[in-house]
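These notes concern the structure reproduced below.
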Amino acid sequence: MSAVEIGWVAVGALLFLIYIGMPIALGMLLTSFLGVFFIRNEGVALRMMGSVANDALREYLYAVVPLFVLMGLLVAVSGIGKDTFDVFERMFRKVRAGLGIATVFANAVFASITGVSIASASVFSRVAVPEMTRHGYTRKFATGVVAGSSVLGMLLPPSLLMIVYAVLAEESVGRMFLAGVGPGILLSFAFAVTIMLLARFQPGFVFEAREGHVPDADQPWSRLALKGVPIIFLIVLVLGGIYGGFLNPTEAGAVGALGALVLALSRRSISARSFWGILVETGQITVSVLFLIMAASFFSRMLAMSGLPAMLAEFLLAGPIGPWGFLVLFLALVIVLGFLIDSISIMLILLPIALPVARAAGFDMIWFGVLTVIAVEIGLLTPPFGLSVFTIKSALNEKTLKVGEIFRGAFPFVLTMLVVLAIVAAVPQIATWLARL
């Protein structure tokens, strides 16, 4: 059996192991070790596993993962999400379906200080859904808006998926953060337009028969401005530090985590017990992410040794489908895998194969990364996996709320994301102009 054939067998074996329920990281380690073993020998496989464990995780850059995760968890418990929603709710109060639009933009701002879609889904399912249903919106629409807008957490900086892609593609984390700004803003406005169109042409989807606002006492703008101060403080602290050139992403993560801790303490929203729980959860998330990255590095080296990526690049790019056909095929595969497995795992499985082909095609790797993240995020809203949907279901804990109801509410936003994906693919400058400054 040739090395390329062994590479194909390894990819097939990995997919089979995932299908029968083996953890993805363990499946990658096993198939990678056996692949190198059959291509070379046991000694090379053992030495490569040791070098990967050493080389893959000792980089200073990897400290950014626990720091941004810690910041996101601290922000989630500090009440900043509710304050953000209150500010935008007041701004869009007189707009038809304004609460839905407020949820989108509040989620966009919240994403700029957390970077994790699941955190956004968890917070806004508790904050926005009860308010929207109280004001006459259907529960299907309310949960769909929260699910749809939660994906902004992985596109707008600081994004955990952007960090993972930057590591795998050996690109600058800061540039990847910048590349997410344009598409993130575009997607936010596209969601807002989607909501306005639904309210205009499908009012039964958006509003209950009892449509109409429950009158609320207006909060004075001075009070809302005070609520916005912590939000602006964290955004300036983290993103201002990175874009201003004062901090690298790792330092910005540390400063942001400290700022989030200070805000949580000042609001008395955190105790010693809950802080310990947050630290434990940060460790669990970090270890799982870094272990996946280590396994993916081993898998990538095994594939490179087999020659499979080089063969695929030559076959796909010289064949009838060409570079753009490869891109469409890759994005379609990412979306389909999103039906079944989580976002990071999709990237770790496909990118070791796809990145060499994308480079050979001459694609801008930052633009390619943004497209990958958008396509991966569609999987958060699609059945049967739909992690954001299940997060909302768990956070609301309502027995009468069916998962299918949330999926139906999120479907218009899936279509919107497909349109935005096509726009960013056709106009790369949306992703690259800021990153290349």
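Every chain in the structure tokens takes a letter, A first, then B, and so on in the order presented; its residues are numbered from 1, and the ligands are numbered from 1 following the presented order.
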- Would you please extract all helix (DSSP H, G or I) residues from region 38-207 of chain A, as assigned by DSSP on the backbone, and give them as a ChimeraX atom specification? /A:38-39,42-57,60-77,80-91,98-111,117-134,139-154,160-169,173-179,181-201,203-206
Could you make a table, as a Markdown table, of the residues of region 290-402 of chain A that have an atom within 9 Å of an atom of region 154-175 of chain A, each with its nearest atom pair and distance in Å to one decimal, counting only C-alpha atoms, in chain and number order?
| residue | atom | partner | partner_atom | distance |
| --- | --- | --- | --- | --- |
| A:Ile293 | CA | A:Val164 | CA | 7.7 |
| A:Ala296 | CA | A:Leu168 | CA | 8.5 |
| A:Ser297 | CA | A:Leu168 | CA | 7.8 |
| A:Ser343 | CA | A:Leu161 | CA | 7.9 |
| A:Ile344 | CA | A:Leu161 | CA | 6.8 |
| A:Met347 | CA | A:Tyr165 | CA | 7.5 |
| A:Leu348 | CA | A:Leu168 | CA | 8.0 |
| A:Leu351 | CA | A:Leu168 | CA | 7.5 |
| A:Pro352 | CA | A:Leu168 | CA | 7.7 |
| A:Leu355 | CA | A:Ala169 | CA | 6.9 |
| A:Met365 | CA | A:Ala169 | CA | 7.6 |
| A:Ile366 | CA | A:Glu171 | CA | 7.4 |
| A:Gly369 | CA | A:Tyr165 | CA | 6.5 |
| A:Val370 | CA | A:Leu155 | CA | 7.7 |
| A:Thr372 | CA | A:Tyr165 | CA | 8.7 |
| A:Val373 | CA | A:Leu161 | CA | 6.8 |
| A:Ile374 | CA | A:Leu155 | CA | 7.1 |
| A:Glu377 | CA | A:Met154 | CA | 7.4 |
Would you give me, as a Markdown table, each residue of region 358-436 of chain A having an atom within 9 Å of an atom of region 187-190 of chain A, along with its shortest atom pair and that distance in Å to one decimal, using only C-alpha atoms and sorting by chain and residue number?
| residue | atom | partner | partner_atom | distance |
| --- | --- | --- | --- | --- |
| A:Phe413 | CA | A:Ala190 | CA | 8.9 |
| A:Thr416 | CA | A:Ala190 | CA | 6.7 |
| A:Met417 | CA | A:Leu187 | CA | 7.1 |
| A:Val419 | CA | A:Ala190 | CA | 8.9 |
| A:Val420 | CA | A:Leu187 | CA | 6.4 |
- A:Gly72, A:Pro183, A:Pro384, A:Gly259: which is nearest Val336 (chain A), counting only C-alpha atoms? A:Pro384
- Task: Please provide the set of residues having any atom within 9 Å of Arg126 (chain A), restricted to only C-alpha atoms, with same-chain residues fewer than 6 positions apart removed, written as a ChimeraX atom specification.
- Result: /A:82,392,395-396
- Item | Spatial neighbours of Ala410 (chain A), 7 Å, only C-alpha atoms, chain gap at least 4 places, as an MDAnalysis selection string | chainID A and resid 144:145 147:148 381 406 414
Write to file, as a PDB file, in the first residue's frame, the residues of the selection just made, with C-alpha atoms.
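Output contents, as saved in selection-v9.pdb:
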ATOM      1  CA  GLY A 144     -34.403  31.898  16.505  1.00  0.00           C
ATOM      2  CA  VAL A 145     -33.090  35.463  16.735  1.00  0.00           C
ATOM      3  CA  ALA A 147     -29.626  31.447  18.070  1.00  0.00           C
ATOM      4  CA  GLY A 148     -28.879  33.293  14.831  1.00  0.00           C
ATOM      5  CA  LEU A 381     -27.959  26.501  13.747  1.00  0.00           C
ATOM      6  CA  ILE A 406     -35.948  26.754  17.805  1.00  0.00           C
ATOM      7  CA  VAL A 414     -29.206  30.151   8.173  1.00  0.00           C
TER       8      VAL A 414
END
Shell around Leu350 (chain A) at 9 Å using only C-alpha atoms, local window under 3 positions removed, as a short mmCIF file (atom, residue, chain, number, x, y, z; two decimals) with N, CA and C atoms, in the first residue's frame:
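Ended up saving to result_35.cif:
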data_model
loop_
_atom_site.label_atom_id
_atom_site.label_comp_id
_atom_site.auth_asym_id
_atom_site.auth_seq_id
_atom_site.Cartn_x
_atom_site.Cartn_y
_atom_site.Cartn_z
N PHE A 330 -15.27 22.59 -0.70
CA PHE A 330 -14.79 22.65 0.68
C PHE A 330 -15.84 23.27 1.60
N LEU A 333 -18.72 20.98 2.18
CA LEU A 333 -18.37 19.89 3.10
C LEU A 333 -18.36 20.39 4.55
N VAL A 334 -17.86 21.60 4.76
CA VAL A 334 -17.85 22.19 6.10
C VAL A 334 -19.28 22.32 6.63
N SER A 345 -13.87 20.92 15.93
CA SER A 345 -13.52 19.62 15.39
C SER A 345 -13.55 19.62 13.86
N ILE A 346 -14.53 20.30 13.28
CA ILE A 346 -14.60 20.40 11.82
C ILE A 346 -13.32 21.02 11.28
N MET A 347 -12.90 22.12 11.88
CA MET A 347 -11.70 22.80 11.41
C MET A 347 -10.46 21.92 11.58
N ILE A 353 -5.99 19.08 5.57
CA ILE A 353 -6.08 18.66 4.18
C ILE A 353 -6.29 19.86 3.25
N ALA A 354 -7.15 20.80 3.67
CA ALA A 354 -7.57 21.88 2.79
C ALA A 354 -6.55 23.01 2.68
N LEU A 355 -5.81 23.30 3.75
CA LEU A 355 -4.90 24.45 3.72
C LEU A 355 -3.83 24.34 2.64
#
